[in-house]
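Listing of entry21.cif; format and content: mmCIF, C-alpha atoms.
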```cif
data_entry
loop_
_atom_site.label_atom_id
_atom_site.label_comp_id
_atom_site.auth_asym_id
_atom_site.auth_seq_id
_atom_site.Cartn_x
_atom_site.Cartn_y
_atom_site.Cartn_z
CA MET A 1 12.13 6.45 -2.36
CA PHE A 2 10.83 10.03 -2.28
CA LEU A 3 14.01 11.59 -0.92
CA THR A 4 16.21 10.19 -3.67
CA GLY A 5 13.91 9.23 -6.55
CA TYR A 6 12.98 5.65 -7.28
CA ILE A 7 16.00 3.56 -8.22
CA ALA A 8 16.81 -0.13 -7.94
CA THR A 9 20.29 -0.50 -9.38
CA GLU A 10 23.86 -0.80 -8.14
CA LYS A 11 23.65 2.94 -7.31
CA THR A 12 21.22 2.25 -4.48
CA LYS A 13 23.99 1.67 -1.97
CA ALA A 14 25.60 5.00 -2.77
CA ILE A 15 22.43 7.03 -2.20
CA ALA A 16 21.16 5.21 0.91
CA ILE A 17 20.90 7.27 4.10
CA THR A 18 20.31 6.77 7.81
CA GLU A 19 17.44 8.09 9.92
CA ASN A 20 19.73 10.89 11.10
CA ASP A 21 20.17 12.33 7.61
CA LYS A 22 19.83 16.10 7.18
CA ALA A 23 16.83 15.75 4.85
CA ILE A 24 14.87 13.80 7.47
CA LYS A 25 15.74 16.34 10.15
CA GLU A 26 14.40 19.08 7.88
CA LEU A 27 11.14 17.19 7.36
CA LYS A 28 10.79 16.78 11.12
CA SER A 29 11.10 20.53 11.49
CA VAL A 30 8.53 21.18 8.77
CA CYS A 31 6.02 18.84 10.43
CA LYS A 32 6.46 20.44 13.85
CA THR A 33 6.26 23.99 12.52
CA ASN A 34 3.11 23.32 10.49
CA ASN A 35 1.43 20.88 12.90
CA ILE A 36 1.18 18.16 10.24
CA ALA A 37 2.25 14.55 9.89
CA CYS A 38 4.21 13.18 6.97
CA VAL A 39 4.87 9.76 5.47
CA PHE A 40 7.71 9.45 2.96
CA GLY A 41 9.96 6.82 1.46
CA PHE A 42 13.74 6.60 1.50
CA PRO A 43 16.53 4.02 0.98
CA ARG A 44 17.51 3.23 4.56
CA LYS A 45 21.06 2.22 5.42
CA GLU A 46 21.69 0.00 8.43
CA LYS A 47 25.30 -1.17 8.58
CA SER A 48 25.79 -3.24 5.40
CA LYS A 49 22.06 -3.59 4.70
CA ILE A 50 19.87 -1.37 2.52
CA PHE A 51 16.09 -1.31 2.97
CA ASN A 52 13.32 0.31 0.93
CA SER A 53 11.67 2.12 3.82
CA ALA A 54 8.76 4.37 4.80
CA CYS A 55 8.99 6.84 7.66
CA PHE A 56 6.11 8.36 9.67
CA ILE A 57 6.79 11.75 11.25
CA ASP A 58 4.00 12.90 13.55
CA LYS A 59 2.80 16.48 13.94
CA ASN A 60 5.12 17.05 16.91
CA GLY A 61 8.09 16.53 14.62
CA GLU A 62 9.05 13.14 16.01
CA VAL A 63 9.62 9.94 14.05
CA ILE A 64 6.94 7.52 15.24
CA GLY A 65 8.23 4.57 13.25
CA VAL A 66 10.01 3.30 10.16
CA TYR A 67 8.70 0.41 8.07
CA ASP A 68 10.93 -1.67 5.79
CA LYS A 69 9.21 -2.97 2.65
CA THR A 70 8.43 -6.65 3.12
CA HIS A 71 7.55 -7.64 -0.47
CA LEU A 72 10.18 -6.62 -3.01
CA PHE A 73 9.36 -6.22 -6.70
CA GLY A 74 11.53 -7.24 -9.64
CA ASP A 75 15.16 -6.14 -9.42
CA GLU A 76 14.57 -4.66 -5.96
CA LYS A 77 15.48 -8.10 -4.67
CA LEU A 78 19.03 -7.57 -5.93
CA TYR A 79 19.66 -4.33 -4.05
CA PHE A 80 17.41 -4.26 -0.98
CA VAL A 81 16.94 -6.51 2.02
CA LYS A 82 13.39 -7.61 2.80
CA GLY A 83 11.80 -6.20 5.92
CA ASN A 84 10.47 -8.78 8.37
CA GLU A 85 7.80 -6.89 10.31
CA LEU A 86 4.39 -5.40 9.52
CA LYS A 87 4.03 -2.52 11.95
CA VAL A 88 1.04 -0.68 13.39
CA LEU A 89 2.08 2.75 14.65
CA ASP A 90 0.38 4.65 17.46
CA THR A 91 0.06 8.17 16.04
CA SER A 92 -1.87 11.31 16.91
CA PHE A 93 -4.27 10.35 14.08
CA GLY A 94 -4.93 6.83 15.31
CA LYS A 95 -3.33 3.45 14.69
CA VAL A 96 -1.64 3.54 11.29
CA GLY A 97 -0.25 0.69 9.20
CA LEU A 98 2.34 1.46 6.52
CA LEU A 99 2.82 -0.33 3.20
CA ILE A 100 5.00 0.34 0.17
CA CYS A 101 3.92 -0.18 -3.44
CA TYR A 102 4.01 -3.93 -4.22
CA ASP A 103 2.95 -4.70 -0.63
CA ILE A 104 -0.61 -3.64 -1.49
CA GLU A 105 -0.78 -6.42 -4.08
CA ILE A 106 -0.29 -9.05 -1.37
CA PRO A 107 -3.67 -9.49 0.43
CA GLU A 108 -2.08 -10.90 3.57
CA ALA A 109 -0.09 -7.70 4.21
CA THR A 110 -3.13 -5.46 4.59
CA ARG A 111 -5.07 -8.20 6.37
CA SER A 112 -2.28 -8.67 8.92
CA LEU A 113 -2.18 -4.94 9.69
CA ALA A 114 -5.96 -4.85 10.09
CA MET A 115 -5.80 -7.86 12.40
CA LYS A 116 -3.16 -6.07 14.47
CA GLY A 117 -5.54 -3.19 15.05
CA ALA A 118 -4.65 -0.70 12.32
CA GLU A 119 -7.43 1.87 11.83
CA ILE A 120 -6.03 3.22 8.58
CA ILE A 121 -3.48 2.07 5.99
CA ILE A 122 -1.11 4.47 4.25
CA CYS A 123 0.55 3.06 1.14
CA ILE A 124 3.26 5.02 -0.66
CA SER A 125 4.06 3.83 -4.15
CA ALA A 126 5.96 4.16 -7.41
CA ASN A 127 3.64 2.11 -9.59
CA MET A 128 4.39 2.37 -13.29
CA LYS A 129 3.20 1.35 -16.73
CA PRO A 130 2.12 -1.26 -17.82
CA TYR A 131 0.53 -1.91 -14.40
CA ASP A 132 -1.82 1.10 -14.60
CA ASN A 133 -5.03 -0.52 -13.49
CA LEU A 134 -3.80 -3.06 -10.97
CA HIS A 135 -3.41 -0.78 -7.97
CA LYS A 136 -6.74 0.89 -8.68
CA MET A 137 -8.39 -2.47 -8.15
CA PHE A 138 -6.17 -3.60 -5.30
CA ILE A 139 -6.62 -0.61 -3.00
CA VAL A 140 -10.40 -0.73 -3.34
CA SER A 141 -10.43 -4.47 -2.68
CA ARG A 142 -8.07 -4.20 0.31
CA ALA A 143 -10.21 -1.44 1.86
CA ILE A 144 -13.49 -3.33 1.48
CA GLU A 145 -12.27 -6.79 2.49
CA ASN A 146 -10.60 -5.44 5.65
CA SER A 147 -13.16 -2.73 6.55
CA ILE A 148 -10.34 -0.19 6.67
CA PRO A 149 -9.71 3.12 4.86
CA ILE A 150 -6.61 3.32 2.69
CA ILE A 151 -4.63 6.40 1.73
CA TYR A 152 -2.67 5.65 -1.44
CA CYS A 153 -0.01 8.03 -2.76
CA ASN A 154 1.70 7.16 -6.06
CA TYR A 155 4.48 8.84 -7.98
CA SER A 156 3.51 10.66 -11.18
CA GLY A 157 5.83 11.49 -14.07
CA LYS A 158 8.77 9.97 -15.92
CA ASP A 159 12.39 9.17 -15.31
CA SER A 160 15.01 7.29 -17.32
CA MET A 161 13.51 3.96 -16.26
CA PHE A 162 9.73 4.21 -15.99
CA THR A 163 6.55 6.16 -16.61
CA TYR A 164 4.71 6.40 -13.30
CA VAL A 165 0.92 6.40 -13.38
CA GLY A 166 -0.14 8.57 -10.44
CA GLN A 167 -3.76 7.73 -9.48
CA SER A 168 -3.30 8.69 -5.83
CA ASN A 169 -6.51 8.36 -3.84
CA ILE A 170 -8.31 7.92 -0.56
CA ILE A 171 -10.54 4.86 -0.40
CA HIS A 172 -12.96 4.47 2.51
CA SER A 173 -13.69 1.15 4.16
CA ASN A 174 -16.87 0.79 2.10
CA GLY A 175 -14.92 1.27 -1.15
CA LYS A 176 -16.02 4.88 -1.61
CA ASN A 177 -13.63 6.85 -3.81
CA GLU A 178 -12.80 10.11 -2.02
CA CYS A 179 -10.50 11.53 -4.72
CA LYS A 180 -10.24 10.94 -8.44
CA PHE A 181 -7.75 8.43 -9.83
CA SER A 182 -5.92 11.22 -11.62
CA LYS A 183 -2.60 10.81 -13.42
CA LEU A 184 -1.80 14.47 -12.73
CA LYS A 185 0.51 15.77 -10.02
CA GLY A 186 -1.25 17.64 -7.26
CA ILE A 187 -2.45 17.83 -3.68
CA TYR A 188 -5.53 15.87 -2.67
CA TYR A 189 -7.72 16.73 0.30
CA GLY A 190 -10.14 14.37 1.97
CA ILE A 191 -11.67 13.47 5.31
CA VAL A 192 -11.07 9.99 6.68
CA ASN A 193 -13.26 8.88 9.57
CA ILE A 194 -11.46 6.66 12.08
CA PRO A 195 -13.03 4.33 12.93
CA GLU A 196 -15.85 4.16 10.44
CA ASN A 197 -19.06 2.94 12.03
CA GLY A 198 -22.61 2.22 10.96
CA GLU A 199 -21.74 -0.13 8.12
CA ASP A 200 -23.66 -3.24 7.10
CA GLU A 201 -22.43 -5.93 9.51
CA ASN A 202 -22.88 -8.56 6.80
CA MET A 203 -20.24 -6.73 4.77
CA ASN A 204 -17.74 -6.48 7.62
CA TYR A 205 -15.49 -9.26 6.41
CA LEU A 206 -12.91 -8.72 9.13
CA ASN A 207 -15.45 -9.34 11.90
CA ASN A 208 -16.94 -12.31 10.05
CA LEU A 209 -13.62 -13.92 9.22
CA ARG A 210 -13.26 -17.54 10.37
CA LYS A 211 -9.99 -16.93 12.22
CA ASP A 212 -9.96 -20.52 13.44
CA LEU A 213 -9.52 -21.69 9.84
CA TYR A 214 -6.65 -19.39 8.91
CA ASN A 215 -4.43 -19.47 11.99
CA TYR A 216 -4.74 -15.73 12.54
CA GLN A 217 -3.67 -14.47 15.94
CA ASN A 218 -5.43 -11.57 17.66
#
```

Write out the structure in this file as structure tokens.
Amino acid sequence: MFLTGYIATEKTKAIAITENDKAIKELKSVCKTNNIACVFGFPRKEKSKIFNSACFIDKNGEVIGVYDKTHLFGDEKLYFVKGNELKVLDTSFGKVGLLICYDIEIPEATRSLAMKGAEIIICISANMKPYDNLHKMFIVSRAIENSIPIIYCNYSGKDSMFTYVGQSNIIHSNGKNECKFSKLKGIYYGIVNIPENGEDENMNYLNNLRKDLYNYQN
């Protein structure tokens, strides 16, 4: 919900936008001009439906894909429609899976993206008090159990509803903490190796998963 601020009330419908909104066009231009990619959240309007969505703009300024949040939290269920697809996007940085906030708390979401070939997960979030420590544990666990690096970006600050806890980070597939779990606003820099090789095969849970027991499809 970066473009509008996090909100899950009756006002959601009024602030929802389409993928052709001026703000998104401006972000596309910024990405192309600066040769960078961007992932951001916005309330997406599609006819009478409103989704809590994440958009990936690649460094050429084109929208590679939009993901609609599949696991809604609390009152979000009253104002958003659940997405029905976990997507892996082919980007200039590799195969990227997108998640939004509460999605990271559902183990099957990250696992499904990893099984679909995602090389990295990007999770945008607006996690708040009193759930300070949950996401810190979840993103490390999801990275290790799926042998996949996770970039986690969480809102920091206050609004009329919540106090957001920050703690953005980059977690490598071995659980290594690239950046500090800081509550401060700022820009974090880190190198993510895709794919990450040379790990202990005994700890590669994705390769050692008994797929025949869990009905996973390749």

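Each of A:Glu62, A:Glu85, A:His71, A:Cys101 was compared to A:Met1 using all atoms listed in the file, and A:Cys101 turns out to be the nearest.
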
query: Expressed in Å to a single decimal, how great is the separation between atom CA of A:Asp132 and atom CA of A:Glu108?
result: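 We find that atom CA of A:Asp132 and atom CA of A:Glu108 lie 21.8 Å from each other.
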
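As for atom CA of A:Glu145 and atom CA of A:Cys179, they are spaced 19.8 Å apart.
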
message: I'd like the residues picked by the PyMOL selection byres ((chain A and resi 84) around 9) written out as JSON, numbers by chain, using the chain letters and numbers from the file.
response: {"A": [68, 69, 70, 82, 83, 85, 86]}

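Distances from A:Lys136, A:Lys45, A:Lys28, A:Lys116 to A:Asn60 were compared using all atoms listed in the file, and the smallest one belongs to A:Lys28.
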
task: Have a look at atom CA of A:Lys129 and atom CA of A:Thr4 and let me know their distance in Å, one decimal.
output: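 These two atoms are separated by 20.4 Å.
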
- prompt: Pick from A:Tyr155, A:Phe40, A:Tyr131, A:Tyr188: nearest to A:Ile170, with only C-alpha atoms counted?
  reply: A:Tyr188

- prompt: Near A:Asn34, within 12 Å and counting only C-alpha atoms, which residues show up once chain neighbours fewer than 3 positions away are dropped, as a PyMOL selection string?
  reply: chain A and resi 27-31+37-38+58-61

- request: Given the file shown, determine the residues that the PyMOL selection byres ((chain A and resi 147) around 10) selects; report them as number ranges by chain.
  value: A: 111, 114, 119-120, 141-146, 148-150, 172-175, 195-197, 199, 203-207

- prompt: If you apply the PyMOL selection byres ((chain A and resi 158) around 12) to this file, what residues do you get, as a PyMOL selection string?
  reply: chain A and resi 5-6+126-129+155-157+159-166+183-185

How about saving the chosen residues, C-alpha atoms kept, as a compact mmCIF listing (two decimals), in the frame of the given file?
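Okay, this is what ended up in result-v4.txt:
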```txt
# COMPACT_ATOMS: atom_id res chain seq x y z
CA GLY A 5 13.91 9.23 -6.55
CA TYR A 6 12.98 5.65 -7.28
CA ALA A 126 5.96 4.16 -7.41
CA ASN A 127 3.64 2.11 -9.59
CA MET A 128 4.39 2.37 -13.29
CA LYS A 129 3.20 1.35 -16.73
CA TYR A 155 4.48 8.84 -7.98
CA SER A 156 3.51 10.66 -11.18
CA GLY A 157 5.83 11.49 -14.07
CA ASP A 159 12.39 9.17 -15.31
CA SER A 160 15.01 7.29 -17.32
CA MET A 161 13.51 3.96 -16.26
CA PHE A 162 9.73 4.21 -15.99
CA THR A 163 6.55 6.16 -16.61
CA TYR A 164 4.71 6.40 -13.30
CA VAL A 165 0.92 6.40 -13.38
CA GLY A 166 -0.14 8.57 -10.44
CA LYS A 183 -2.60 10.81 -13.42
CA LEU A 184 -1.80 14.47 -12.73
CA LYS A 185 0.51 15.77 -10.02
```

message: With only C-alpha atoms as the counted atoms, please give the residues lying no more than 6 Å from A:Lys95, apart from itself and same-chain residues fewer than 3 positions off, as number ranges by chain.
response: A: 89-91, 118-119

query: Given the choices A:Ile17, A:Val96, A:Ala8, A:Ala109, which gets closest to A:Lys47 if the distance is worked out from all atoms listed in the file?
result: A:Ile17
